[in-house]
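Undergrad: Have a peek at final_25.cif (mmCIF, N, CA and C atoms).
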data_entry
#
loop_
_atom_site.label_atom_id
_atom_site.label_comp_id
_atom_site.auth_asym_id
_atom_site.auth_seq_id
_atom_site.Cartn_x
_atom_site.Cartn_y
_atom_site.Cartn_z
N MET A 1 -11.23 74.76 79.92
CA MET A 1 -11.56 76.01 80.58
C MET A 1 -10.43 76.45 81.51
N LYS A 2 -9.85 75.50 82.27
CA LYS A 2 -8.76 75.84 83.18
C LYS A 2 -7.54 76.31 82.40
N LYS A 3 -7.26 75.67 81.25
CA LYS A 3 -6.10 76.06 80.44
C LYS A 3 -6.28 77.48 79.90
N SER A 4 -7.51 77.79 79.48
CA SER A 4 -7.78 79.13 78.96
C SER A 4 -7.62 80.18 80.04
N PHE A 5 -8.13 79.87 81.23
CA PHE A 5 -8.02 80.81 82.34
C PHE A 5 -6.55 81.01 82.73
N PHE A 6 -5.79 79.91 82.81
CA PHE A 6 -4.38 79.98 83.16
C PHE A 6 -3.61 80.79 82.11
N GLY A 7 -3.90 80.55 80.84
CA GLY A 7 -3.25 81.29 79.75
C GLY A 7 -3.56 82.77 79.83
N LEU A 8 -4.82 83.11 80.11
CA LEU A 8 -5.22 84.51 80.25
C LEU A 8 -4.51 85.16 81.44
N LEU A 9 -4.42 84.42 82.53
CA LEU A 9 -3.74 84.93 83.71
C LEU A 9 -2.27 85.21 83.42
N LEU A 10 -1.60 84.30 82.72
CA LEU A 10 -0.20 84.51 82.34
C LEU A 10 -0.05 85.73 81.44
N LEU A 11 -0.95 85.87 80.49
CA LEU A 11 -0.91 87.02 79.59
C LEU A 11 -1.06 88.33 80.37
N ILE A 12 -1.98 88.36 81.32
CA ILE A 12 -2.20 89.56 82.14
C ILE A 12 -0.95 89.86 82.97
N LEU A 13 -0.38 88.83 83.60
CA LEU A 13 0.83 89.04 84.41
C LEU A 13 1.99 89.53 83.56
N PHE A 14 2.18 88.94 82.38
CA PHE A 14 3.26 89.35 81.48
C PHE A 14 3.06 90.79 81.03
N THR A 15 1.85 91.13 80.65
CA THR A 15 1.54 92.48 80.17
C THR A 15 1.75 93.50 81.28
N THR A 16 1.32 93.18 82.50
CA THR A 16 1.48 94.08 83.63
C THR A 16 2.95 94.29 83.94
N ASN A 17 3.73 93.21 83.94
CA ASN A 17 5.16 93.31 84.21
C ASN A 17 5.87 94.13 83.14
N THR A 18 5.52 93.91 81.88
CA THR A 18 6.12 94.65 80.76
C THR A 18 5.77 96.13 80.87
N PHE A 19 4.52 96.42 81.19
CA PHE A 19 4.09 97.82 81.34
C PHE A 19 4.85 98.50 82.47
N ALA A 20 5.00 97.79 83.60
CA ALA A 20 5.71 98.36 84.74
C ALA A 20 7.17 98.63 84.39
N GLN A 21 7.80 97.69 83.68
CA GLN A 21 9.20 97.89 83.31
C GLN A 21 9.33 99.05 82.34
N ASN A 22 8.42 99.15 81.37
CA ASN A 22 8.46 100.27 80.43
C ASN A 22 8.27 101.60 81.16
N ALA A 23 7.42 101.63 82.18
CA ALA A 23 7.20 102.84 82.95
C ALA A 23 8.49 103.24 83.69
N VAL A 24 9.20 102.27 84.26
CA VAL A 24 10.46 102.56 84.95
C VAL A 24 11.50 103.05 83.95
N GLU A 25 11.58 102.41 82.79
CA GLU A 25 12.53 102.85 81.76
C GLU A 25 12.25 104.29 81.37
N GLN A 26 10.99 104.64 81.17
CA GLN A 26 10.64 106.02 80.80
C GLN A 26 10.97 106.99 81.93
N GLU A 27 10.77 106.56 83.17
CA GLU A 27 11.12 107.40 84.32
C GLU A 27 12.62 107.70 84.32
N ILE A 28 13.43 106.70 84.05
CA ILE A 28 14.89 106.88 84.03
C ILE A 28 15.30 107.78 82.87
N ILE A 29 14.70 107.59 81.71
CA ILE A 29 15.01 108.43 80.54
C ILE A 29 14.69 109.90 80.86
N GLN A 30 13.55 110.14 81.48
CA GLN A 30 13.16 111.51 81.83
C GLN A 30 14.10 112.09 82.88
N LEU A 31 14.49 111.27 83.86
CA LEU A 31 15.42 111.73 84.88
C LEU A 31 16.76 112.10 84.27
N SER A 32 17.23 111.30 83.32
CA SER A 32 18.49 111.59 82.64
C SER A 32 18.39 112.91 81.86
N LYS A 33 17.29 113.10 81.13
CA LYS A 33 17.11 114.36 80.40
C LYS A 33 17.11 115.55 81.35
N GLN A 34 16.43 115.38 82.49
CA GLN A 34 16.38 116.45 83.48
C GLN A 34 17.78 116.74 84.02
N LYS A 35 18.56 115.67 84.25
CA LYS A 35 19.93 115.83 84.74
C LYS A 35 20.75 116.66 83.77
N TRP A 36 20.65 116.36 82.44
CA TRP A 36 21.39 117.14 81.44
C TRP A 36 21.00 118.61 81.52
N GLN A 37 19.71 118.89 81.73
CA GLN A 37 19.27 120.28 81.83
C GLN A 37 19.82 120.94 83.09
N TRP A 38 19.79 120.21 84.21
CA TRP A 38 20.36 120.76 85.45
C TRP A 38 21.85 121.04 85.28
N MET A 39 22.55 120.17 84.55
CA MET A 39 23.97 120.38 84.31
C MET A 39 24.18 121.63 83.44
N ALA A 40 23.36 121.79 82.42
CA ALA A 40 23.45 122.97 81.55
C ALA A 40 23.17 124.25 82.34
N ASP A 41 22.19 124.16 83.25
CA ASP A 41 21.80 125.32 84.05
C ASP A 41 22.70 125.54 85.27
N LYS A 42 23.66 124.63 85.47
CA LYS A 42 24.53 124.66 86.66
C LYS A 42 23.72 124.64 87.94
N ASN A 43 22.66 123.85 87.94
CA ASN A 43 21.77 123.72 89.09
C ASN A 43 22.36 122.69 90.06
N VAL A 44 23.37 123.11 90.79
CA VAL A 44 24.10 122.18 91.65
C VAL A 44 23.27 121.69 92.83
N ASP A 45 22.27 122.44 93.25
CA ASP A 45 21.42 121.98 94.35
C ASP A 45 20.65 120.73 93.94
N ARG A 46 20.05 120.75 92.76
CA ARG A 46 19.31 119.58 92.26
C ARG A 46 20.27 118.42 91.98
N LEU A 47 21.42 118.73 91.41
CA LEU A 47 22.40 117.68 91.11
C LEU A 47 22.93 117.04 92.39
N ALA A 48 23.16 117.84 93.41
CA ALA A 48 23.65 117.30 94.69
C ALA A 48 22.65 116.33 95.30
N THR A 49 21.38 116.59 95.09
CA THR A 49 20.34 115.67 95.58
C THR A 49 20.30 114.41 94.73
N LEU A 50 20.48 114.52 93.43
CA LEU A 50 20.43 113.38 92.52
C LEU A 50 21.66 112.48 92.67
N PHE A 51 22.83 113.07 92.82
CA PHE A 51 24.08 112.30 92.90
C PHE A 51 24.19 111.64 94.27
N ASP A 52 24.40 110.33 94.27
CA ASP A 52 24.64 109.62 95.52
C ASP A 52 25.97 110.10 96.11
N ASP A 53 26.08 110.06 97.43
CA ASP A 53 27.31 110.51 98.09
C ASP A 53 28.53 109.69 97.65
N LYS A 54 28.31 108.45 97.24
CA LYS A 54 29.41 107.58 96.80
C LYS A 54 29.55 107.54 95.27
N SER A 55 28.86 108.44 94.57
CA SER A 55 28.87 108.42 93.11
C SER A 55 30.26 108.70 92.55
N VAL A 56 30.48 108.18 91.33
CA VAL A 56 31.75 108.36 90.63
C VAL A 56 31.47 108.92 89.23
N PHE A 57 32.43 109.72 88.75
CA PHE A 57 32.31 110.39 87.46
C PHE A 57 33.60 110.14 86.69
N VAL A 58 33.46 109.62 85.46
CA VAL A 58 34.62 109.30 84.64
C VAL A 58 34.56 110.17 83.39
N HIS A 59 35.60 110.98 83.22
CA HIS A 59 35.70 111.90 82.09
C HIS A 59 36.95 111.58 81.28
N MET A 60 37.15 112.27 80.19
CA MET A 60 38.36 112.07 79.39
C MET A 60 39.61 112.45 80.18
N GLY A 61 39.46 113.40 81.10
CA GLY A 61 40.63 113.89 81.84
C GLY A 61 40.81 113.29 83.22
N GLY A 62 40.00 112.33 83.61
CA GLY A 62 40.17 111.72 84.93
C GLY A 62 38.86 111.25 85.52
N SER A 63 38.93 110.82 86.77
CA SER A 63 37.74 110.37 87.48
C SER A 63 37.76 110.92 88.90
N TRP A 64 36.55 111.15 89.45
CA TRP A 64 36.43 111.73 90.78
C TRP A 64 35.06 111.46 91.33
N GLY A 65 34.81 111.97 92.52
CA GLY A 65 33.55 111.74 93.22
C GLY A 65 32.59 112.91 93.13
N LYS A 66 31.52 112.79 93.89
CA LYS A 66 30.42 113.76 93.88
C LYS A 66 30.89 115.19 94.19
N THR A 67 31.64 115.36 95.26
CA THR A 67 32.03 116.71 95.68
C THR A 67 32.80 117.43 94.59
N GLN A 68 33.76 116.75 93.97
CA GLN A 68 34.55 117.39 92.93
C GLN A 68 33.70 117.69 91.71
N GLU A 69 32.80 116.76 91.33
CA GLU A 69 31.93 117.01 90.17
C GLU A 69 31.05 118.23 90.41
N ILE A 70 30.45 118.32 91.59
CA ILE A 70 29.61 119.48 91.92
C ILE A 70 30.44 120.76 91.88
N ASN A 71 31.63 120.73 92.44
CA ASN A 71 32.50 121.92 92.45
C ASN A 71 32.92 122.32 91.04
N ILE A 72 33.19 121.35 90.17
CA ILE A 72 33.57 121.65 88.78
C ILE A 72 32.42 122.32 88.04
N ILE A 73 31.21 121.81 88.26
CA ILE A 73 30.03 122.40 87.60
C ILE A 73 29.77 123.80 88.15
N LYS A 74 29.83 123.92 89.46
CA LYS A 74 29.56 125.22 90.12
C LYS A 74 30.55 126.29 89.67
N SER A 75 31.84 125.92 89.57
CA SER A 75 32.88 126.90 89.22
C SER A 75 32.94 127.18 87.72
N GLY A 76 32.30 126.34 86.91
CA GLY A 76 32.38 126.50 85.47
C GLY A 76 33.59 125.83 84.86
N GLY A 77 34.32 125.03 85.65
CA GLY A 77 35.46 124.27 85.11
C GLY A 77 35.04 123.42 83.92
N ILE A 78 33.86 122.84 84.03
CA ILE A 78 33.19 122.22 82.88
C ILE A 78 31.77 122.78 82.88
N HIS A 79 31.38 123.38 81.77
CA HIS A 79 30.00 123.83 81.61
C HIS A 79 29.37 122.97 80.52
N TYR A 80 28.48 122.08 80.96
CA TYR A 80 27.76 121.21 80.03
C TYR A 80 26.65 122.03 79.40
N LYS A 81 26.95 122.67 78.27
CA LYS A 81 25.99 123.60 77.68
C LYS A 81 24.79 122.90 77.06
N LYS A 82 25.06 121.82 76.28
CA LYS A 82 23.94 121.17 75.59
C LYS A 82 24.33 119.75 75.21
N ALA A 83 23.45 118.83 75.56
CA ALA A 83 23.63 117.43 75.17
C ALA A 83 22.55 117.08 74.16
N ASP A 84 22.96 116.89 72.90
CA ASP A 84 22.03 116.41 71.88
C ASP A 84 22.01 114.89 71.95
N ILE A 85 20.87 114.34 72.33
CA ILE A 85 20.75 112.88 72.52
C ILE A 85 20.29 112.26 71.20
N HIS A 86 21.08 111.30 70.72
CA HIS A 86 20.78 110.62 69.46
C HIS A 86 20.13 109.26 69.68
N GLU A 87 20.57 108.54 70.69
CA GLU A 87 20.02 107.23 71.01
C GLU A 87 20.03 107.07 72.52
N VAL A 88 19.07 106.29 73.01
CA VAL A 88 19.02 106.00 74.44
C VAL A 88 18.47 104.60 74.64
N SER A 89 19.04 103.89 75.61
CA SER A 89 18.51 102.59 76.00
C SER A 89 18.65 102.45 77.51
N VAL A 90 17.76 101.65 78.09
CA VAL A 90 17.78 101.43 79.54
C VAL A 90 17.65 99.94 79.80
N ASN A 91 18.49 99.45 80.71
CA ASN A 91 18.38 98.08 81.20
C ASN A 91 18.17 98.14 82.70
N ILE A 92 17.16 97.42 83.17
CA ILE A 92 16.84 97.37 84.59
C ILE A 92 17.31 96.03 85.14
N ILE A 93 18.10 96.07 86.20
CA ILE A 93 18.57 94.87 86.88
C ILE A 93 18.27 95.07 88.36
N GLY A 94 17.23 94.43 88.85
CA GLY A 94 16.83 94.61 90.25
C GLY A 94 16.50 96.06 90.52
N ASN A 95 17.21 96.67 91.49
CA ASN A 95 16.96 98.07 91.82
C ASN A 95 17.97 99.01 91.16
N THR A 96 18.60 98.51 90.07
CA THR A 96 19.60 99.28 89.35
C THR A 96 19.15 99.50 87.91
N ALA A 97 19.32 100.72 87.43
CA ALA A 97 19.01 101.05 86.03
C ALA A 97 20.30 101.52 85.36
N ILE A 98 20.59 100.93 84.21
CA ILE A 98 21.76 101.33 83.43
C ILE A 98 21.26 101.97 82.15
N LEU A 99 21.57 103.24 81.98
CA LEU A 99 21.14 104.00 80.81
C LEU A 99 22.36 104.27 79.94
N LEU A 100 22.21 104.03 78.65
CA LEU A 100 23.25 104.37 77.67
C LEU A 100 22.69 105.44 76.75
N ASN A 101 23.44 106.51 76.59
CA ASN A 101 23.10 107.60 75.67
C ASN A 101 24.19 107.73 74.64
N LYS A 102 23.82 107.89 73.38
CA LYS A 102 24.76 108.39 72.38
C LYS A 102 24.42 109.86 72.24
N ILE A 103 25.42 110.71 72.51
CA ILE A 103 25.16 112.15 72.50
C ILE A 103 26.26 112.89 71.75
N THR A 104 25.92 114.10 71.38
CA THR A 104 26.92 115.08 70.99
C THR A 104 26.85 116.14 72.08
N LEU A 105 27.96 116.33 72.77
CA LEU A 105 28.00 117.25 73.89
C LEU A 105 28.72 118.54 73.51
N LEU A 106 28.03 119.65 73.69
CA LEU A 106 28.63 120.97 73.56
C LEU A 106 28.95 121.43 74.98
N ALA A 107 30.22 121.68 75.23
CA ALA A 107 30.65 122.06 76.57
C ALA A 107 31.73 123.13 76.50
N VAL A 108 31.92 123.80 77.62
CA VAL A 108 33.05 124.71 77.77
C VAL A 108 33.96 124.07 78.81
N VAL A 109 35.18 123.76 78.39
CA VAL A 109 36.15 123.10 79.27
C VAL A 109 37.40 123.99 79.30
N GLY A 110 37.76 124.44 80.49
CA GLY A 110 38.93 125.30 80.61
C GLY A 110 38.84 126.56 79.78
N GLY A 111 37.64 127.08 79.61
CA GLY A 111 37.45 128.31 78.84
C GLY A 111 37.30 128.11 77.35
N ASN A 112 37.46 126.88 76.85
CA ASN A 112 37.33 126.59 75.43
C ASN A 112 36.05 125.82 75.14
N GLU A 113 35.30 126.29 74.14
CA GLU A 113 34.08 125.58 73.73
C GLU A 113 34.47 124.39 72.87
N VAL A 114 33.96 123.21 73.23
CA VAL A 114 34.28 121.99 72.51
C VAL A 114 33.00 121.19 72.26
N THR A 115 33.02 120.43 71.18
CA THR A 115 31.92 119.53 70.86
C THR A 115 32.51 118.15 70.66
N ASN A 116 31.95 117.16 71.35
CA ASN A 116 32.44 115.79 71.27
C ASN A 116 31.29 114.80 71.21
N PRO A 117 31.48 113.75 70.41
CA PRO A 117 30.50 112.65 70.42
C PRO A 117 30.87 111.64 71.51
N PHE A 118 29.90 111.26 72.32
CA PHE A 118 30.14 110.34 73.42
C PHE A 118 29.07 109.25 73.48
N ILE A 119 29.46 108.14 74.05
CA ILE A 119 28.49 107.22 74.65
C ILE A 119 28.62 107.48 76.14
N VAL A 120 27.51 107.79 76.77
CA VAL A 120 27.52 108.08 78.20
C VAL A 120 26.77 106.96 78.91
N THR A 121 27.42 106.41 79.91
CA THR A 121 26.81 105.38 80.76
C THR A 121 26.40 106.03 82.06
N GLU A 122 25.13 105.89 82.39
CA GLU A 122 24.60 106.42 83.65
C GLU A 122 24.04 105.24 84.43
N VAL A 123 24.45 105.11 85.67
CA VAL A 123 23.94 104.04 86.53
C VAL A 123 23.14 104.68 87.65
N TYR A 124 21.87 104.27 87.76
CA TYR A 124 20.98 104.76 88.80
C TYR A 124 20.61 103.62 89.73
N VAL A 125 20.50 103.92 91.01
CA VAL A 125 20.11 102.93 92.01
C VAL A 125 18.85 103.44 92.71
N LYS A 126 17.86 102.56 92.80
CA LYS A 126 16.59 102.93 93.45
C LYS A 126 16.76 102.81 94.96
N GLU A 127 16.51 103.91 95.65
CA GLU A 127 16.55 103.94 97.10
C GLU A 127 15.17 104.32 97.61
N HIS A 128 14.99 104.29 98.91
CA HIS A 128 13.67 104.56 99.49
C HIS A 128 13.13 105.94 99.11
N ASP A 129 14.00 106.89 98.85
CA ASP A 129 13.55 108.24 98.50
C ASP A 129 13.67 108.55 97.01
N GLY A 130 13.82 107.51 96.20
CA GLY A 130 13.86 107.71 94.75
C GLY A 130 15.16 107.22 94.14
N TRP A 131 15.36 107.59 92.88
CA TRP A 131 16.55 107.17 92.14
C TRP A 131 17.72 108.08 92.45
N LYS A 132 18.89 107.49 92.60
CA LYS A 132 20.13 108.23 92.81
C LYS A 132 21.11 107.83 91.72
N LEU A 133 21.85 108.81 91.22
CA LEU A 133 22.88 108.54 90.23
C LEU A 133 24.11 108.00 90.95
N GLY A 134 24.57 106.82 90.54
CA GLY A 134 25.74 106.21 91.16
C GLY A 134 26.99 106.38 90.33
N SER A 135 26.81 106.49 89.01
CA SER A 135 27.97 106.60 88.13
C SER A 135 27.58 107.30 86.83
N LEU A 136 28.49 108.12 86.36
CA LEU A 136 28.34 108.80 85.07
C LEU A 136 29.69 108.71 84.37
N SER A 137 29.72 108.03 83.23
CA SER A 137 30.99 107.81 82.51
C SER A 137 30.85 108.21 81.06
N PHE A 138 31.85 108.95 80.58
CA PHE A 138 31.90 109.40 79.19
C PHE A 138 32.91 108.57 78.43
N THR A 139 32.49 108.01 77.30
CA THR A 139 33.40 107.31 76.38
C THR A 139 33.33 108.04 75.05
N LYS A 140 34.45 108.64 74.64
CA LYS A 140 34.47 109.41 73.40
C LYS A 140 34.43 108.47 72.20
N LEU A 141 33.53 108.79 71.27
CA LEU A 141 33.43 108.04 70.02
C LEU A 141 34.47 108.55 69.04
N MET A 142 34.99 107.67 68.25
CA MET A 142 36.03 108.05 67.30
C MET A 142 35.45 108.71 66.03
N THR A 143 34.18 108.47 65.78
CA THR A 143 33.53 109.10 64.63
C THR A 143 32.34 109.91 65.13
N PRO A 144 32.11 111.08 64.58
CA PRO A 144 30.99 111.92 65.04
C PRO A 144 29.65 111.28 64.72
N GLU A 145 28.70 111.52 65.59
CA GLU A 145 27.32 111.06 65.38
C GLU A 145 26.54 112.17 64.69
N HIS A 146 25.61 111.76 63.84
CA HIS A 146 24.73 112.76 63.18
C HIS A 146 23.31 112.31 63.29
#
Could you write out this structure as structure tokens?
TA:
Amino acid sequence: MKKSFFGLLLLILFTTNTFAQNAVEQEIIQLSKQKWQWMADKNVDRLATLFDDKSVFVHMGGSWGKTQEINIIKSGGIHYKKADIHEVSVNIIGNTAILLNKITLLAVVGGNEVTNPFIVTEVYVKEHDGWKLGSLSFTKLMTPEH
């Protein structure tokens, strides 16, 4: 009887932990999708709240911090028009979530419309007031995704 009860308790704890982790993963996936929409809409107010003050952004043309990323989006230096998401995965490590997206990004860069396949790494850190984006990095794929 004690073994059965202990086994049931372990099953309940495992199931609860798995459910909680899946809920956090889904929260991060939804936050990432919302971020892509805010970027497309040039909603710099929402992005400024999401991006941590110490956040870093790595692009094909360089890397910079929050202020420059917000200014680039606001000015239209890069207009993230549409991110078609093909695959997504999330790994949770403590209060950090690492999201990987395989996307095809339609953007306007320097006045030219371009489409590129990327793996995008997004790092989110859980703070008292919610998730903050700490890093956004683009790695261009050599073959297009379909």
Undergrad: Within 6.5 Å of segment 120-134 of chain A, counting all atoms listed in the file, which residues qualify if same-chain residues fewer than 2 places away don't, as a ChimeraX atom specification?
TA: /A:49-52,54-56,95-103,118,136-139
Undergrad: Mind giving me the straight-line distance from atom CA of Val109 of chain A to atom CA of Ile85 of chain A in Å, one decimal?
TA: 19.7 Å
Undergrad: Extract the full set of helix (DSSP H, G or I) residues from chain A according to DSSP on the backbone, and format it as a short mmCIF file (atom, residue, chain, number, x, y, z; two decimals) with N, CA and C atoms, keeping the file's coordinate frame.
TA:
data_model
loop_
_atom_site.label_atom_id
_atom_site.label_comp_id
_atom_site.auth_asym_id
_atom_site.auth_seq_id
_atom_site.Cartn_x
_atom_site.Cartn_y
_atom_site.Cartn_z
N LYS A 2 -9.85 75.50 82.27
CA LYS A 2 -8.76 75.84 83.18
C LYS A 2 -7.54 76.31 82.40
N LYS A 3 -7.26 75.67 81.25
CA LYS A 3 -6.10 76.06 80.44
C LYS A 3 -6.28 77.48 79.90
N SER A 4 -7.51 77.79 79.48
CA SER A 4 -7.78 79.13 78.96
C SER A 4 -7.62 80.18 80.04
N PHE A 5 -8.13 79.87 81.23
CA PHE A 5 -8.02 80.81 82.34
C PHE A 5 -6.55 81.01 82.73
N PHE A 6 -5.79 79.91 82.81
CA PHE A 6 -4.38 79.98 83.16
C PHE A 6 -3.61 80.79 82.11
N GLY A 7 -3.90 80.55 80.84
CA GLY A 7 -3.25 81.29 79.75
C GLY A 7 -3.56 82.77 79.83
N LEU A 8 -4.82 83.11 80.11
CA LEU A 8 -5.22 84.51 80.25
C LEU A 8 -4.51 85.16 81.44
N LEU A 9 -4.42 84.42 82.53
CA LEU A 9 -3.74 84.93 83.71
C LEU A 9 -2.27 85.21 83.42
N LEU A 10 -1.60 84.30 82.72
CA LEU A 10 -0.20 84.51 82.34
C LEU A 10 -0.05 85.73 81.44
N LEU A 11 -0.95 85.87 80.49
CA LEU A 11 -0.91 87.02 79.59
C LEU A 11 -1.06 88.33 80.37
N ILE A 12 -1.98 88.36 81.32
CA ILE A 12 -2.20 89.56 82.14
C ILE A 12 -0.95 89.86 82.97
N LEU A 13 -0.38 88.83 83.60
CA LEU A 13 0.83 89.04 84.41
C LEU A 13 1.99 89.53 83.56
N PHE A 14 2.18 88.94 82.38
CA PHE A 14 3.26 89.35 81.48
C PHE A 14 3.06 90.79 81.03
N THR A 15 1.85 91.13 80.65
CA THR A 15 1.54 92.48 80.17
C THR A 15 1.75 93.50 81.28
N THR A 16 1.32 93.18 82.50
CA THR A 16 1.48 94.08 83.63
C THR A 16 2.95 94.29 83.94
N ASN A 17 3.73 93.21 83.94
CA ASN A 17 5.16 93.31 84.21
C ASN A 17 5.87 94.13 83.14
N THR A 18 5.52 93.91 81.88
CA THR A 18 6.12 94.65 80.76
C THR A 18 5.77 96.13 80.87
N PHE A 19 4.52 96.42 81.19
CA PHE A 19 4.09 97.82 81.34
C PHE A 19 4.85 98.50 82.47
N ALA A 20 5.00 97.79 83.60
CA ALA A 20 5.71 98.36 84.74
C ALA A 20 7.17 98.63 84.39
N GLN A 21 7.80 97.69 83.68
CA GLN A 21 9.20 97.89 83.31
C GLN A 21 9.33 99.05 82.34
N ASN A 22 8.42 99.15 81.37
CA ASN A 22 8.46 100.27 80.43
C ASN A 22 8.27 101.60 81.16
N ALA A 23 7.42 101.63 82.18
CA ALA A 23 7.20 102.84 82.95
C ALA A 23 8.49 103.24 83.69
N VAL A 24 9.20 102.27 84.26
CA VAL A 24 10.46 102.56 84.95
C VAL A 24 11.50 103.05 83.95
N GLU A 25 11.58 102.41 82.79
CA GLU A 25 12.53 102.85 81.76
C GLU A 25 12.25 104.29 81.37
N GLN A 26 10.99 104.64 81.17
CA GLN A 26 10.64 106.02 80.80
C GLN A 26 10.97 106.99 81.93
N GLU A 27 10.77 106.56 83.17
CA GLU A 27 11.12 107.40 84.32
C GLU A 27 12.62 107.70 84.32
N ILE A 28 13.43 106.70 84.05
CA ILE A 28 14.89 106.88 84.03
C ILE A 28 15.30 107.78 82.87
N ILE A 29 14.70 107.59 81.71
CA ILE A 29 15.01 108.43 80.54
C ILE A 29 14.69 109.90 80.86
N GLN A 30 13.55 110.14 81.48
CA GLN A 30 13.16 111.51 81.83
C GLN A 30 14.10 112.09 82.88
N LEU A 31 14.49 111.27 83.86
CA LEU A 31 15.42 111.73 84.88
C LEU A 31 16.76 112.10 84.27
N SER A 32 17.23 111.30 83.32
CA SER A 32 18.49 111.59 82.64
C SER A 32 18.39 112.91 81.86
N LYS A 33 17.29 113.10 81.13
CA LYS A 33 17.11 114.36 80.40
C LYS A 33 17.11 115.55 81.35
N GLN A 34 16.43 115.38 82.49
CA GLN A 34 16.38 116.45 83.48
C GLN A 34 17.78 116.74 84.02
N LYS A 35 18.56 115.67 84.25
CA LYS A 35 19.93 115.83 84.74
C LYS A 35 20.75 116.66 83.77
N TRP A 36 20.65 116.36 82.44
CA TRP A 36 21.39 117.14 81.44
C TRP A 36 21.00 118.61 81.52
N GLN A 37 19.71 118.89 81.73
CA GLN A 37 19.27 120.28 81.83
C GLN A 37 19.82 120.94 83.09
N TRP A 38 19.79 120.21 84.21
CA TRP A 38 20.36 120.76 85.45
C TRP A 38 21.85 121.04 85.28
N MET A 39 22.55 120.17 84.55
CA MET A 39 23.97 120.38 84.31
C MET A 39 24.18 121.63 83.44
N ALA A 40 23.36 121.79 82.42
CA ALA A 40 23.45 122.97 81.55
C ALA A 40 23.17 124.25 82.34
N VAL A 44 23.37 123.11 90.79
CA VAL A 44 24.10 122.18 91.65
C VAL A 44 23.27 121.69 92.83
N ASP A 45 22.27 122.44 93.25
CA ASP A 45 21.42 121.98 94.35
C ASP A 45 20.65 120.73 93.94
N ARG A 46 20.05 120.75 92.76
CA ARG A 46 19.31 119.58 92.26
C ARG A 46 20.27 118.42 91.98
N LEU A 47 21.42 118.73 91.41
CA LEU A 47 22.40 117.68 91.11
C LEU A 47 22.93 117.04 92.39
N ALA A 48 23.16 117.84 93.41
CA ALA A 48 23.65 117.30 94.69
C ALA A 48 22.65 116.33 95.30
N THR A 49 21.38 116.59 95.09
CA THR A 49 20.34 115.67 95.58
C THR A 49 20.30 114.41 94.73
N LEU A 50 20.48 114.52 93.43
CA LEU A 50 20.43 113.38 92.52
C LEU A 50 21.66 112.48 92.67
N LYS A 66 31.52 112.79 93.89
CA LYS A 66 30.42 113.76 93.88
C LYS A 66 30.89 115.19 94.19
N THR A 67 31.64 115.36 95.26
CA THR A 67 32.03 116.71 95.68
C THR A 67 32.80 117.43 94.59
N GLN A 68 33.76 116.75 93.97
CA GLN A 68 34.55 117.39 92.93
C GLN A 68 33.70 117.69 91.71
N GLU A 69 32.80 116.76 91.33
CA GLU A 69 31.93 117.01 90.17
C GLU A 69 31.05 118.23 90.41
N ILE A 70 30.45 118.32 91.59
CA ILE A 70 29.61 119.48 91.92
C ILE A 70 30.44 120.76 91.88
N ASN A 71 31.63 120.73 92.44
CA ASN A 71 32.50 121.92 92.45
C ASN A 71 32.92 122.32 91.04
N ILE A 72 33.19 121.35 90.17
CA ILE A 72 33.57 121.65 88.78
C ILE A 72 32.42 122.32 88.04
N ILE A 73 31.21 121.81 88.26
CA ILE A 73 30.03 122.40 87.60
C ILE A 73 29.77 123.80 88.15
N LYS A 74 29.83 123.92 89.46
CA LYS A 74 29.56 125.22 90.12
C LYS A 74 30.55 126.29 89.67
N SER A 75 31.84 125.92 89.57
CA SER A 75 32.88 126.90 89.22
C SER A 75 32.94 127.18 87.72
#
Undergrad: To one decimal place, how far is atom N of Gln34 of chain A from atom N of Leu106 of chain A in Å?
TA: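 Going from atom N of Gln34 of chain A over to atom N of Leu106 of chain A, I get 15.2 Å.
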Undergrad: Would you mind listing what lies within 8 Å of segment 41-43 of chain A as a PDB file with N, CA and C atoms, keeping the file's coordinate frame, with only C-alpha atoms counted and same-chain residues fewer than 3 positions away left out?
TA:
ATOM      1  N   GLN A  37      19.710 118.890  81.730  1.00  0.00           N
ATOM      2  CA  GLN A  37      19.270 120.280  81.830  1.00  0.00           C
ATOM      3  C   GLN A  37      19.820 120.940  83.090  1.00  0.00           C
ATOM      4  N   TRP A  38      19.790 120.210  84.210  1.00  0.00           N
ATOM      5  CA  TRP A  38      20.360 120.760  85.450  1.00  0.00           C
ATOM      6  C   TRP A  38      21.850 121.040  85.280  1.00  0.00           C
ATOM      7  N   ARG A  46      20.050 120.750  92.760  1.00  0.00           N
ATOM      8  CA  ARG A  46      19.310 119.580  92.260  1.00  0.00           C
ATOM      9  C   ARG A  46      20.270 118.420  91.980  1.00  0.00           C
ATOM     10  N   LEU A  47      21.420 118.730  91.410  1.00  0.00           N
ATOM     11  CA  LEU A  47      22.400 117.680  91.110  1.00  0.00           C
ATOM     12  C   LEU A  47      22.930 117.040  92.390  1.00  0.00           C
ATOM     13  N   ILE A  73      31.210 121.810  88.260  1.00  0.00           N
ATOM     14  CA  ILE A  73      30.030 122.400  87.600  1.00  0.00           C
ATOM     15  C   ILE A  73      29.770 123.800  88.150  1.00  0.00           C
ATOM     16  N   LYS A  74      29.830 123.920  89.460  1.00  0.00           N
ATOM     17  CA  LYS A  74      29.560 125.220  90.120  1.00  0.00           C
ATOM     18  C   LYS A  74      30.550 126.290  89.670  1.00  0.00           C
ATOM     19  N   HIS A  79      31.380 123.380  81.770  1.00  0.00           N
ATOM     20  CA  HIS A  79      30.000 123.830  81.610  1.00  0.00           C
ATOM     21  C   HIS A  79      29.370 122.970  80.520  1.00  0.00           C
ATOM     22  N   LYS A  81      26.950 122.670  78.270  1.00  0.00           N
ATOM     23  CA  LYS A  81      25.990 123.600  77.680  1.00  0.00           C
ATOM     24  C   LYS A  81      24.790 122.900  77.060  1.00  0.00           C
TER      25      LYS A  81
END
Undergrad: Expand the PyMOL selection byres ((chain A and resi 115) around 5) into the explicit residue set it covers here, and present it as a VMD selection string.
TA: chain A and resid 105 to 106 113 to 114 116 to 117
Undergrad: Which residues would end up in the selection if the PyMOL selection byres ((chain A and resi 78) around 6.5) were applied here, given that I need the answer as a list in words?
TA: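 Residues picked by the PyMOL selection byres ((chain A and resi 78) around 6.5): Ile72, Ile73, Ser75, Gly76, Gly77, His79, Tyr80, Ala107, Val108, Val109 and Gly110 of chain A.
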